[in-house]
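Text of run30.csv (CSV, C-alpha atoms and all ligand atoms) as supplied:
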chain,number,residue,atom,x,y,z
A,1,ARG,CA,-109.4,-158.3,-3.6
A,2,LEU,CA,-110.0,-161.3,-5.9
A,3,GLN,CA,-109.4,-163.9,-3.2
A,4,GLY,CA,-111.4,-167.1,-3.8
A,5,LYS,CA,-112.2,-166.1,-7.4
A,6,THR,CA,-111.2,-168.0,-10.6
A,7,ALA,CA,-110.4,-166.1,-13.7
A,8,LEU,CA,-110.0,-167.3,-17.3
A,9,ILE,CA,-108.0,-164.9,-19.5
A,10,THR,CA,-107.7,-165.9,-23.1
A,11,GLY,CA,-104.5,-165.2,-25.0
A,12,SER,CA,-102.7,-164.7,-21.7
A,13,LEU,CA,-99.1,-165.9,-22.4
A,14,THR,CA,-97.9,-162.5,-23.8
A,15,GLY,CA,-98.8,-158.8,-23.9
A,16,ILE,CA,-102.0,-157.5,-22.4
A,17,GLY,CA,-103.4,-160.9,-21.4
A,18,ARG,CA,-100.3,-161.9,-19.6
A,19,GLY,CA,-100.4,-158.5,-17.7
A,20,ILE,CA,-104.0,-159.0,-16.7
A,21,ALA,CA,-103.4,-162.6,-15.6
A,22,SER,CA,-100.4,-161.6,-13.5
A,23,ALA,CA,-102.2,-158.7,-11.9
A,24,MET,CA,-105.2,-160.9,-11.1
A,25,ALA,CA,-103.0,-163.6,-9.5
A,26,GLN,CA,-101.4,-160.8,-7.4
A,27,GLU,CA,-105.0,-159.9,-6.2
A,28,GLY,CA,-105.5,-163.5,-5.1
A,29,ALA,CA,-107.4,-165.1,-8.0
A,30,ASN,CA,-106.7,-168.6,-9.4
A,31,ILE,CA,-105.9,-168.3,-13.0
A,32,ILE,CA,-106.7,-170.2,-16.2
A,33,LEU,CA,-104.0,-169.3,-18.8
A,34,ASN,CA,-104.7,-169.8,-22.5
A,35,GLY,CA,-102.7,-169.2,-25.6
A,36,ILE,CA,-101.2,-170.8,-28.7
A,37,ASP,CA,-97.6,-169.8,-28.2
A,38,THR,CA,-94.7,-172.3,-27.6
A,39,PRO,CA,-94.9,-174.9,-24.7
A,40,GLU,CA,-91.8,-173.2,-23.2
A,41,GLU,CA,-93.6,-169.8,-23.2
A,42,ALA,CA,-96.6,-171.4,-21.6
A,43,GLU,CA,-94.6,-173.1,-18.9
A,44,ASN,CA,-92.6,-170.0,-18.1
A,45,THR,CA,-95.7,-167.9,-17.7
A,46,ARG,CA,-97.4,-170.6,-15.6
A,47,GLN,CA,-94.4,-170.9,-13.2
A,48,GLU,CA,-94.0,-167.1,-13.0
A,49,LEU,CA,-97.6,-166.7,-11.9
A,50,GLU,CA,-97.5,-169.7,-9.6
A,51,LYS,CA,-94.9,-167.8,-7.5
A,52,MET,CA,-97.8,-165.6,-6.3
A,53,GLY,CA,-99.3,-168.5,-4.4
A,54,GLN,CA,-102.5,-169.2,-6.5
A,55,ARG,CA,-103.5,-172.2,-8.6
A,56,ILE,CA,-102.5,-171.6,-12.2
A,57,LEU,CA,-103.7,-173.9,-15.0
A,58,TYR,CA,-102.8,-173.6,-18.7
A,59,TYR,CA,-104.8,-174.7,-21.8
A,60,LYS,CA,-103.6,-174.6,-25.3
A,61,ALA,CA,-107.1,-174.1,-26.8
A,62,ASP,CA,-107.7,-172.3,-30.1
A,63,VAL,CA,-110.3,-169.7,-29.0
A,64,GLY,CA,-111.8,-169.8,-32.6
A,65,ASN,CA,-112.7,-173.4,-32.2
A,66,VAL,CA,-115.9,-173.9,-30.2
A,67,GLN,CA,-115.0,-177.5,-29.2
A,68,GLU,CA,-111.6,-176.6,-27.8
A,69,VAL,CA,-113.1,-173.7,-25.9
A,70,THR,CA,-115.8,-175.7,-24.4
A,71,THR,CA,-113.5,-178.5,-23.3
A,72,MET,CA,-111.1,-176.0,-21.7
A,73,ILE,CA,-113.8,-174.3,-19.7
A,74,THR,CA,-115.5,-177.5,-18.6
A,75,ASP,CA,-112.3,-179.1,-17.5
A,76,ALA,CA,-110.8,-176.0,-15.8
A,77,GLN,CA,-114.1,-175.4,-13.9
A,78,LYS,CA,-114.0,-179.0,-12.7
A,79,LYS,CA,-110.4,-178.7,-11.5
A,80,LEU,CA,-110.7,-175.3,-9.8
A,81,GLY,CA,-114.3,-175.6,-8.6
A,82,SER,CA,-115.5,-172.3,-10.0
A,83,LEU,CA,-115.2,-169.8,-12.9
A,84,ASP,CA,-116.1,-166.3,-11.8
A,85,ILE,CA,-114.2,-164.0,-14.2
A,86,LEU,CA,-113.8,-164.2,-18.0
A,87,VAL,CA,-111.5,-161.9,-19.9
A,88,ASN,CA,-111.8,-162.3,-23.6
A,89,ASN,CA,-108.4,-161.0,-24.7
A,90,ALA,CA,-107.0,-163.3,-27.4
A,91,GLY,CA,-106.7,-161.4,-30.7
A,92,ILE,CA,-104.8,-161.2,-33.9
A,93,GLN,CA,-104.2,-158.5,-36.4
A,94,TYR,CA,-103.5,-158.2,-40.1
A,95,VAL,CA,-103.1,-154.9,-42.1
A,96,GLU,CA,-103.8,-154.6,-45.8
A,97,PRO,CA,-106.1,-152.6,-48.0
A,98,ILE,CA,-109.5,-154.2,-48.4
A,99,ASP,CA,-109.4,-154.9,-52.1
A,100,THR,CA,-106.4,-157.3,-51.6
A,101,PHE,CA,-107.2,-158.4,-48.0
A,102,PRO,CA,-106.9,-162.2,-48.0
A,103,ILE,CA,-110.1,-164.1,-47.4
A,104,GLU,CA,-108.4,-166.5,-45.0
A,105,LYS,CA,-107.1,-163.6,-42.9
A,106,TRP,CA,-110.6,-162.2,-42.7
A,107,ASP,CA,-112.0,-165.6,-41.5
A,108,ALA,CA,-109.2,-166.0,-38.9
A,109,ILE,CA,-109.7,-162.5,-37.5
A,110,ILE,CA,-113.4,-162.9,-37.2
A,111,ALA,CA,-113.0,-166.3,-35.5
A,112,THR,CA,-110.3,-165.3,-33.1
A,113,ASN,CA,-111.4,-161.8,-32.2
A,114,LEU,CA,-115.2,-162.1,-32.3
A,115,SER,CA,-116.7,-165.6,-32.5
A,116,SER,CA,-114.3,-166.7,-29.7
A,117,ALA,CA,-116.1,-164.4,-27.2
A,118,PHE,CA,-119.5,-165.8,-28.1
A,119,TYR,CA,-118.1,-169.3,-27.5
A,120,THR,CA,-116.5,-168.5,-24.2
A,121,ILE,CA,-119.4,-166.5,-22.9
A,122,ARG,CA,-121.9,-169.3,-23.7
A,123,ALA,CA,-119.6,-171.8,-21.9
A,124,VAL,CA,-119.0,-169.9,-18.7
A,125,LEU,CA,-122.6,-168.6,-18.1
A,126,PRO,CA,-123.9,-171.8,-16.4
A,127,PHE,CA,-121.2,-171.5,-13.7
A,128,MET,CA,-121.7,-167.8,-13.2
A,129,LYS,CA,-125.5,-168.0,-13.2
A,130,GLU,CA,-125.3,-170.8,-10.5
A,131,LYS,CA,-123.3,-168.4,-8.3
A,132,LYS,CA,-125.4,-165.4,-9.2
A,133,TRP,CA,-122.1,-163.5,-9.7
A,134,GLY,CA,-119.8,-163.1,-12.7
A,135,ARG,CA,-117.6,-160.6,-14.4
A,136,ILE,CA,-117.0,-160.7,-18.2
A,137,VAL,CA,-114.5,-158.2,-19.7
A,138,ASN,CA,-113.9,-158.1,-23.4
A,139,ILE,CA,-110.7,-156.5,-24.6
A,140,ALA,CA,-111.9,-154.7,-27.7
A,141,SER,CA,-110.0,-151.8,-29.0
A,142,VAL,CA,-110.4,-148.1,-30.0
A,143,HIS,CA,-111.0,-149.9,-33.3
A,144,GLY,CA,-114.3,-151.1,-31.7
A,145,LEU,CA,-115.4,-147.5,-31.8
A,146,VAL,CA,-113.6,-145.9,-34.8
A,147,ALA,CA,-111.9,-147.2,-37.9
A,148,SER,CA,-108.4,-146.9,-39.3
A,149,ALA,CA,-107.3,-147.6,-42.9
A,150,TYR,CA,-106.3,-151.1,-44.0
A,151,LYS,CA,-107.8,-152.9,-41.0
A,152,SER,CA,-111.2,-154.0,-42.3
A,153,ALA,CA,-111.4,-157.4,-40.6
A,154,TYR,CA,-110.0,-156.1,-37.2
A,155,VAL,CA,-112.3,-153.1,-37.2
A,156,ALA,CA,-115.3,-155.2,-38.1
A,157,ALA,CA,-114.5,-157.8,-35.4
A,158,LYS,CA,-113.9,-155.2,-32.7
A,159,HIS,CA,-117.1,-153.3,-33.5
A,160,GLY,CA,-118.8,-156.7,-33.3
A,161,LEU,CA,-117.3,-157.4,-30.0
A,162,VAL,CA,-118.6,-154.1,-28.6
A,163,GLY,CA,-122.0,-155.0,-29.9
A,164,LEU,CA,-121.8,-158.5,-28.4
A,165,THR,CA,-120.8,-156.9,-25.1
A,166,LYS,CA,-124.0,-154.8,-25.0
A,167,ALA,CA,-126.3,-157.7,-26.0
A,168,ALA,CA,-124.8,-160.1,-23.6
A,169,ALA,CA,-125.0,-157.6,-20.7
A,170,LEU,CA,-128.7,-157.3,-21.2
A,171,ASP,CA,-129.2,-161.1,-21.4
A,172,VAL,CA,-127.4,-161.7,-18.0
A,173,ALA,CA,-128.3,-158.6,-16.1
A,174,GLU,CA,-130.7,-160.4,-13.7
A,175,PHE,CA,-128.0,-162.9,-12.6
A,176,GLY,CA,-125.4,-160.6,-11.0
A,177,ILE,CA,-123.2,-160.8,-14.0
A,178,THR,CA,-121.8,-157.8,-15.8
A,179,VAL,CA,-120.3,-157.6,-19.3
A,180,ASN,CA,-118.1,-154.7,-20.4
A,181,ALA,CA,-115.6,-153.9,-23.1
A,182,ILE,CA,-112.3,-152.1,-22.7
A,183,CYS,CA,-111.1,-150.1,-25.8
A,184,PRO,CA,-107.4,-149.4,-25.6
A,185,GLY,CA,-105.4,-147.3,-28.0
A,186,TYR,CA,-101.9,-148.6,-29.0
A,187,VAL,CA,-100.1,-150.7,-26.4
A,188,ASP,CA,-96.5,-151.8,-27.1
A,189,THR,CA,-96.9,-155.6,-27.3
A,190,PRO,CA,-95.8,-158.3,-29.7
A,191,LEU,CA,-99.0,-157.8,-31.7
A,192,VAL,CA,-98.1,-154.2,-32.4
A,193,ARG,CA,-94.4,-154.9,-33.0
A,194,GLN,CA,-95.5,-157.4,-35.6
A,195,GLN,CA,-97.7,-155.0,-37.5
A,196,ILE,CA,-94.9,-152.3,-37.9
A,197,SER,CA,-93.6,-153.8,-41.1
A,198,GLU,CA,-97.1,-154.3,-42.5
A,199,GLN,CA,-98.0,-150.7,-41.7
A,200,ALA,CA,-94.8,-149.5,-43.2
A,201,LYS,CA,-95.6,-151.3,-46.5
A,202,ALA,CA,-99.3,-150.3,-46.5
A,203,HIS,CA,-98.5,-146.6,-45.8
A,204,HIS,CA,-95.3,-146.4,-47.9
A,205,LEU,CA,-93.3,-145.4,-44.8
A,206,SER,CA,-90.0,-146.6,-43.3
A,207,GLU,CA,-90.4,-148.7,-40.1
A,208,ASP,CA,-89.0,-145.9,-38.0
A,209,GLU,CA,-91.7,-143.5,-39.2
A,210,VAL,CA,-94.5,-145.9,-38.3
A,211,ILE,CA,-94.6,-145.3,-34.5
A,212,PRO,CA,-94.9,-141.4,-34.6
A,213,LYS,CA,-96.7,-141.1,-38.0
A,214,VAL,CA,-99.2,-144.0,-37.7
A,215,LEU,CA,-99.4,-145.6,-34.3
A,216,LEU,CA,-99.3,-142.5,-32.1
A,217,ALA,CA,-100.8,-140.2,-34.7
A,218,HIS,CA,-104.2,-140.2,-33.0
A,219,HIS,CA,-103.0,-140.4,-29.4
A,220,ALA,CA,-103.6,-136.9,-27.9
A,221,ILE,CA,-101.2,-138.0,-25.2
A,222,LYS,CA,-98.2,-139.1,-27.3
A,223,GLU,CA,-97.5,-142.3,-25.3
A,224,PHE,CA,-98.4,-145.9,-25.6
A,225,VAL,CA,-101.1,-147.1,-23.2
A,226,THR,CA,-99.5,-149.7,-20.9
A,227,VAL,CA,-100.4,-153.3,-20.1
A,228,GLU,CA,-100.5,-152.3,-16.4
A,229,GLN,CA,-103.0,-149.6,-17.0
A,230,ILE,CA,-105.3,-152.0,-18.8
A,231,ALA,CA,-104.9,-154.7,-16.1
A,232,ALA,CA,-105.8,-152.1,-13.4
A,233,MET,CA,-109.0,-151.2,-15.3
A,234,THR,CA,-109.9,-154.8,-15.7
A,235,ILE,CA,-109.6,-155.5,-12.0
A,236,TYR,CA,-111.7,-152.4,-11.3
A,237,LEU,CA,-114.4,-153.8,-13.5
A,238,CYS,CA,-114.4,-157.0,-11.4
A,239,SER,CA,-114.8,-155.1,-8.1
A,240,ASP,CA,-118.1,-154.6,-6.2
A,241,ALA,CA,-117.9,-150.9,-7.1
A,242,CYS,CA,-118.9,-151.9,-10.6
A,243,LYS,CA,-121.9,-154.0,-9.7
A,244,THR,CA,-124.2,-151.7,-11.9
A,245,LEU,CA,-121.6,-150.9,-14.5
A,246,THR,CA,-122.5,-153.1,-17.4
A,247,GLY,CA,-122.9,-153.1,-21.2
A,248,THR,CA,-120.4,-150.3,-21.7
A,249,ALA,CA,-117.3,-149.8,-23.9
A,250,LEU,CA,-114.7,-148.0,-21.8
A,251,SER,CA,-111.9,-146.2,-23.7
A,252,ILE,CA,-108.3,-146.1,-22.5
A,253,ASP,CA,-106.9,-144.6,-25.7
A,254,ALA,CA,-104.8,-141.5,-24.8
A,255,GLY,CA,-107.6,-139.3,-26.2
A,256,TRP,CA,-107.9,-140.9,-29.6
A,257,SER,CA,-111.7,-141.4,-29.6
A,258,ALA,CA,-112.4,-137.9,-28.2
A,259,GLN,CA,-111.4,-136.5,-31.6
J,301,LIG,P1,-100.3,-160.4,-28.3
J,301,LIG,O1,-100.0,-160.8,-29.7
J,301,LIG,O2,-99.1,-160.0,-27.4
J,301,LIG,O3,-101.1,-161.5,-27.5
J,301,LIG,C1,-102.2,-162.2,-28.0
J,301,LIG,C2,-102.3,-163.5,-27.3
J,301,LIG,O4,-103.4,-164.1,-28.0
J,301,LIG,C3,-101.1,-164.4,-27.4
J,301,LIG,O5,-100.9,-165.0,-26.1
J,301,LIG,C4,-101.6,-165.5,-28.4
J,301,LIG,O6,-101.1,-166.8,-28.1
J,301,LIG,C5,-103.1,-165.5,-28.2
J,301,LIG,N1,-103.8,-166.0,-29.3
J,301,LIG,C6,-103.8,-165.6,-30.6
J,301,LIG,N2,-104.6,-166.4,-31.4
J,301,LIG,C7,-105.2,-167.2,-30.5
J,301,LIG,C8,-106.1,-168.3,-30.7
J,301,LIG,N3,-106.6,-168.6,-31.8
J,301,LIG,N4,-106.4,-169.0,-29.5
J,301,LIG,C9,-105.9,-168.7,-28.3
J,301,LIG,N5,-105.0,-167.7,-28.1
J,301,LIG,C10,-104.7,-167.0,-29.2
J,301,LIG,O7,-101.3,-159.2,-28.4
J,301,LIG,P2,-101.8,-158.0,-27.4
J,301,LIG,O8,-101.3,-156.7,-28.0
J,301,LIG,O9,-101.5,-158.3,-26.0
J,301,LIG,O10,-103.4,-158.1,-27.7
J,301,LIG,C11,-104.3,-158.6,-26.7
J,301,LIG,C12,-105.7,-158.1,-27.1
J,301,LIG,O11,-105.7,-156.7,-27.0
J,301,LIG,C13,-106.1,-158.4,-28.5
J,301,LIG,O12,-107.5,-158.8,-28.5
J,301,LIG,C14,-105.9,-157.1,-29.2
J,301,LIG,O13,-106.7,-157.0,-30.3
J,301,LIG,C15,-106.2,-156.1,-28.1
J,301,LIG,N6,-105.7,-154.8,-28.3
J,301,LIG,C16,-104.3,-154.6,-28.4
J,301,LIG,C17,-103.8,-153.3,-28.6
J,301,LIG,C18,-102.4,-153.1,-28.8
J,301,LIG,O14,-102.1,-151.9,-29.2
J,301,LIG,N7,-101.5,-154.0,-28.5
J,301,LIG,C19,-104.7,-152.2,-28.7
J,301,LIG,C20,-106.1,-152.5,-28.5
J,301,LIG,C21,-106.6,-153.8,-28.4

Structure re-expressed in structure tokens:
Amino acid sequence: RLQGKTALITGSLTGIGRGIASAMAQEGANIILNGIDTPEEAENTRQELEKMGQRILYYKADVGNVQEVTTMITDAQKKLGSLDILVNNAGIQYVEPIDTFPIEKWDAIIATNLSSAFYTIRAVLPFMKEKKWGRIVNIASVHGLVASAYKSAYVAAKHGLVGLTKAAALDVAEFGITVNAICPGYVDTPLVRQQISEQAKAHHLSEDEVIPKVLLAHHAIKEFVTVEQIAAMTIYLCSDACKTLTGTALSIDAGWSAQ
């Protein structure tokens, strides 16, 4: 279904991004991988995806750095000949009450989770406009719609990302380009595993108590959302059926934001 398309997925060496990249390669898209994990992890992911028969490139660009983002996008477009789909997925998390929340964590989260999408969108638009077709999917979060305690920077960045999604959708509407956000509840990925100890400390709980009492507390369906479910939703947003679906924030949160 994505035959002949090229997709850039930021933060695609692990977790949700890797799942989206893999599902898109399976659908026939050439893939631009990105992430700041180890070179071994990058090469493993690249080789794994290459088995599906598409062209797979990897760039170790920091998405919070406009120079690195622009160089990645210009170079990859030159090598692969087009850039049709952008998935802004790279993101980081840090959990601490606001009064002691470290300034440098705030700056890093805003740069990685919000400013990054502004940089990538600006850089891909010339290529999408030229083709009069493009799909931009921002992986926001249920925290783009509602807040949780101790996540001031993340909640602010994700609400910002939902706002950016709406604004960008209007700016590019006449060019056959759609911009949407996906707002997942908790997904069992390295990002979530890493915050279990922070959550335990902030909520004065044991690590075992964090999954039922904090992570799944707001899921009406008491399960994690899966990477595969988010990948399927992303691919749907890239289909022709979604030509007029733009500027929305779609929840996949096990019923969290219905409450
Ligand atoms: P993850 O930690 O498994 O993956 C994040 C990826 O982003 C990694 O590949 C990492 O290398 C990359 N990355 C981090 N900082 C980067 C930077 N500065 N430049 C380039 N790449 C960078 O996390 P995940 O759970 O798969 O999260 C992916 C996205 O989904 C994030 O935006 C996250 O906020 C969002 N999200 C996750 C959940 C969840 O429960 N896991 C829920 C809602 C939204």

Under the rule that only C-alpha atoms are counted, which of A:Tyr94, A:Phe127, A:Phe101, A:Tyr154 is the nearest residue to Leu114 (chain A)?
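Selected residue with least distance to Leu114 (chain A): A:Tyr154.
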
List the neighbours of region 229-235 of chain A out to 8 Å using only C-alpha atoms; skip same-chain residues closer than 3 positions along the sequence, and give me the result as a ChimeraX atom specification.
/A:16,19-20,23-24,137,182,184,225-226,238-239,252

Ranking A:Asn65, A:Thr6, A:Thr246, A:Gln54 by minimum distance to Ala108 (chain A) and counting only C-alpha atoms, which one comes first?
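Residue with the minimum atom-to-atom distance to Ala108 (chain A): A:Asn65.
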
With all atoms listed in the file as the atoms that count, which of A:Glu228, A:Leu164, A:Lys5, A:Ala156 lies nearest to Met128 (chain A)?
A:Lys5

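Between CA of Tyr59 (chain A) and CA of Ile32 (chain A) lies a distance of 7.4 Å.
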
Which residue is closest to Lys132 (chain A)? Choose from A:Ala173, A:Leu245, A:Val187, A:Ile110 and count all atoms listed in the file.
A:Ala173

Given only C-alpha atoms as the counted atoms, nearest of A:Ser251, A:Gln47, A:Ser197, A:Asn88 to Ile121 (chain A):
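Answer, going by the shortest atom-to-atom distance: A:Asn88.
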
Could you name the residues that touch Val162 (chain A) at 12 Å or less, counting only C-alpha atoms, but leaving out those on the same chain fewer than 6 positions away, as a ChimeraX atom specification?
/A:88,113-114,117-118,137-146,155-156,168-169,179-183,246-251

Rank nothing, just name the residue among A:Leu2, A:Ala147, A:Leu13, A:Ala200 nearest to Gln26 (chain A), using only C-alpha atoms.
A:Leu2

Would you pick out the contacts of His218 (chain A) at 12 Å or less, using only C-alpha atoms, so that residues sharing its chain but fewer than 2 positions from it are not included, and give the list as a PyMOL selection string?
chain A and resi 142-143+146-148+185-186+211-216+220-224+253-259

For CA of Lys129 (chain A) and atom N2 of ligand LIG 301 (chain J), the interatomic separation in Å (one decimal)
27.8 Å

Fewer than 4 positions away in the same chain doesn't count, so skip those; otherwise give me all residues within 12 Å of Ile109 (chain A), counting all atoms listed in the file, as number ranges by chain.
A: 63-64, 90-95, 101-105, 113-116, 151-158, 160-161

Near Gln199 (chain A), counting all atoms listed in the file, which residues have an atom at most 7 Å away, once you skip same-chain residues fewer than 3 positions from it, shown as number ranges by chain?
A: 95, 195-196, 202-203, 210

For the atom pair CA of Thr189 (chain A) and atom O5 of ligand LIG 301 (chain J), what is the interatomic distance in Å to one decimal place?
10.3 Å

What residues have an atom no more than 9 Å from (-105.8, -175.7, -24.8) in the file's own frame, counting only C-alpha atoms, and can you write them as a PyMOL selection string?
chain A and resi 33-36+58-63+68-69+71-72
